[in-house]
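Inspection log for the structure reproduced underneath, given as structure tokens.
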Amino acid sequence: MRLIQLASPEGRRVALVEEPRLQFLQDCRSVYDLALACLQQGVSLTEGIARRRSSEFVDYGPVYEGASGWRVCPSADLAAEPTRCLVSGTGLTHKASAKNRDAMHAAAQAVTDSTRMYQWGLEGGRPAPGEGGVAPEWFYKGSGTVLRAHNEPLTVPEFAEDGGEEPEIAGIYLIDANGAPRRIGFTVGNEFSDHVLERKNYLYLAASKLRTCAIGPELVVGGDFDLAPGEVSVARKGRILWSREIRTGESVMCHSLANIEHHHFKFGFHRRPGDLHIHFFGADAFSFGDGLRLEHGDVMQVRFDGFSRALRNPLARVASPARLVTVQPI
């Protein structure tokens, strides 16, 4: 099952993707509300969806292209309280990602920390069931305020060095009333980072991740995360400038999904009841690794097999000059 969140001047709705149409769900304003209701009622998410199917449909094509009264929202969010949504990720999970990172910092040291981290993942990232393995790299992207939807721009702030796509799959999680993480599903994502800043020094990695990101347009409920091949591309003025085949999923990652989830949710403050978590699982390729610098108006597209329609986002550079932020005492 694939869900999509929509908004219009009348409010928000959740719909089930039934190509080439979208079937609205009854009494359902968000994926978050739907998942919370299913937990409270003691039913599975798929059963909760089936119970809420309505007789209302809308054509998907115009919605997807941004030519409808309905606009696409991020595939999961907590719009009423975005600060209760934690957006984070795990890096160096794919060989290509480790090679790209290694190339950024190889001049500084013979064997980089990125290489060591990836090797640790190969050696201990897939523990036996019921055991914890080596911890992956973890990074923070921000609260739910950084989320953007399909067709919305990803922004290079006035103070930033650059901005570039990172095509990934993200897991969506809700913490239940007992403080246990519950996976809602998976979604296509563009994690989007400042690679030029990161290349200066790997200690800038944390700051390079504090940017907007996009997820959607759809959320896959009960999907398979073993192997998801796909494609990432960048278009400039309507022409494909760069593209690469990509792969993600447990079979091509050095960490198992269970190990990634364990190390994210082992922290007690990541298990606060009612919180929503969006966690990126790493990228296989990105244009910066091939020497491409994105420009204002370039359109980034990410597609994975089994996740339906592609996620598209234009890049927008803030034109105003950087300004000094000053702090005044109270």
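Letters A, B, ... go to the chains of the structure tokens in the order shown; residues in each chain start at 1; ligands are counted from 1 in the same order.
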
Taking only residues of range 154-201 of chain A that have an atom at most 12 Å from an atom of range 262-265 of chain A, what is each one's shortest atom pair and its distance in Å to one decimal, using only C-alpha atoms, in chain and number order, as JSON lines?
{"residue": "A:Gly171", "atom": "CA", "partner": "A:His264", "partner_atom": "CA", "distance": 11.5}
{"residue": "A:Tyr173", "atom": "CA", "partner": "A:Phe265", "partner_atom": "CA", "distance": 10.2}
{"residue": "A:Leu174", "atom": "CA", "partner": "A:Phe265", "partner_atom": "CA", "distance": 11.3}
{"residue": "A:Ile175", "atom": "CA", "partner": "A:Phe265", "partner_atom": "CA", "distance": 9.8}
{"residue": "A:Gly179", "atom": "CA", "partner": "A:Phe265", "partner_atom": "CA", "distance": 10.0}
{"residue": "A:Ala180", "atom": "CA", "partner": "A:Phe265", "partner_atom": "CA", "distance": 8.8}
{"residue": "A:Pro181", "atom": "CA", "partner": "A:Phe265", "partner_atom": "CA", "distance": 7.3}
{"residue": "A:Arg182", "atom": "CA", "partner": "A:Phe265", "partner_atom": "CA", "distance": 10.5}
{"residue": "A:Arg183", "atom": "CA", "partner": "A:Phe265", "partner_atom": "CA", "distance": 11.6}

- [ ] Give me the residues within 10 Å of range 9-19 of chain A as a ChimeraX atom specification, counting only C-alpha atoms and dropping any in the same chain fewer than 4 places off.
- [x] /A:1-5,23-31,33-34,49-50,52-54,56-61,69-73,75,218-220,308

Open item on the list: If we count only C-alpha atoms and set the cut-off at 12 Å, which residues sit around Val188 in chain A, ignoring sequence neighbours fewer than 3 positions away in its own chain? Please answer as a PyMOL selection string.
Closed with: chain A and resi 2+74-76+149-150+166-172+185+191+213-220+223+225+228-232+248-249+278-283+301-312

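If only C-alpha atoms are the atoms counted, then among A:Pro82, A:Gly163, A:Gly48, A:Gly121 the closest residue to Gly144 in chain A is A:Pro82.
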
- [ ] Report the residues of range 112-302 of chain A whose backbone DSSP state falls under helix (DSSP H, G or I), written as a PyMOL selection string.
- [x] chain A and resi 113-124+144-146+195-200+202-208+250-252+257-265+268-270+287-290

- [ ] Going by DSSP on the backbone, which bits of range 77-194 of chain A are strand (DSSP E)? Write them as a PyMOL selection string, please.
- [x] chain A and resi 85-91+137-143+147-148+154-156+167-175+181-190

- [ ] Might you pull out every residue within 12 Å of Pro129 in chain A, with only C-alpha atoms counted and same-chain residues fewer than 3 positions away left off, and present them as a ChimeraX atom specification?
- [x] /A:125-126,132-133,256-259,262

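Distances to Pro314 in chain A were evaluated for A:His270, A:Leu154, A:Leu210, A:Phe159 using only C-alpha atoms, and the minimum falls at A:Leu154.
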
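Between Val87 in chain A and the candidates A:Gly142, A:Pro321, A:Pro157, A:Pro127, the tightest atom-to-atom separation, counting only C-alpha atoms, involves A:Gly142.
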
TODO: Compare A:Thr90, A:Ser68, A:Thr155, A:Thr112 by their minimum atom-to-atom distance to Ala7 in chain A, counting only C-alpha atoms, and give me the closest one.
DONE: A:Ser68

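Atom pair CA of Phe192 in chain A / CA of Lys209 in chain A: separated by 7.5 Å.
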
Please identify all polymer residues within 12 Å of Thr83 in chain A, counting only C-alpha atoms, omitting same-chain residues fewer than 4 positions from it, and present them as a PDB file with C-alpha atoms, in the first residue's frame.
ATOM      1  CA  ASP A  77       5.138  14.985   8.958  1.00  0.00           C
ATOM      2  CA  LEU A  78       3.779  16.408  12.181  1.00  0.00           C
ATOM      3  CA  ALA A  79       2.441  19.713  10.894  1.00  0.00           C
ATOM      4  CA  VAL A  87      14.930  14.272  11.043  1.00  0.00           C
ATOM      5  CA  GLY A 142      16.793  19.224  12.036  1.00  0.00           C
ATOM      6  CA  SER A 143      13.201  19.173  13.214  1.00  0.00           C
ATOM      7  CA  GLY A 144      10.173  18.749  10.986  1.00  0.00           C
ATOM      8  CA  THR A 145      10.558  22.351   9.828  1.00  0.00           C
ATOM      9  CA  VAL A 146      13.267  21.234   7.345  1.00  0.00           C
ATOM     10  CA  LEU A 147      10.929  18.883   5.456  1.00  0.00           C
ATOM     11  CA  GLY A 274       4.090  10.636  20.375  1.00  0.00           C
ATOM     12  CA  ASP A 275       7.248  11.759  18.578  1.00  0.00           C
ATOM     13  CA  LEU A 276       7.748  11.173  14.858  1.00  0.00           C
ATOM     14  CA  HIS A 277      11.133  10.167  13.434  1.00  0.00           C
TER      15      HIS A 277
END

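Minimum atom-to-atom distances from A:Val156, A:Leu22, A:Leu122, A:Asp224 to Ala322 in chain A were compared using only C-alpha atoms, and the lowest value belongs to A:Val156.
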
Task: Nearest to Pro136 in chain A by atom-to-atom distance, counting only C-alpha atoms, from A:Met253, A:Ala177, A:Ser44, A:Phe269 - done: A:Met253
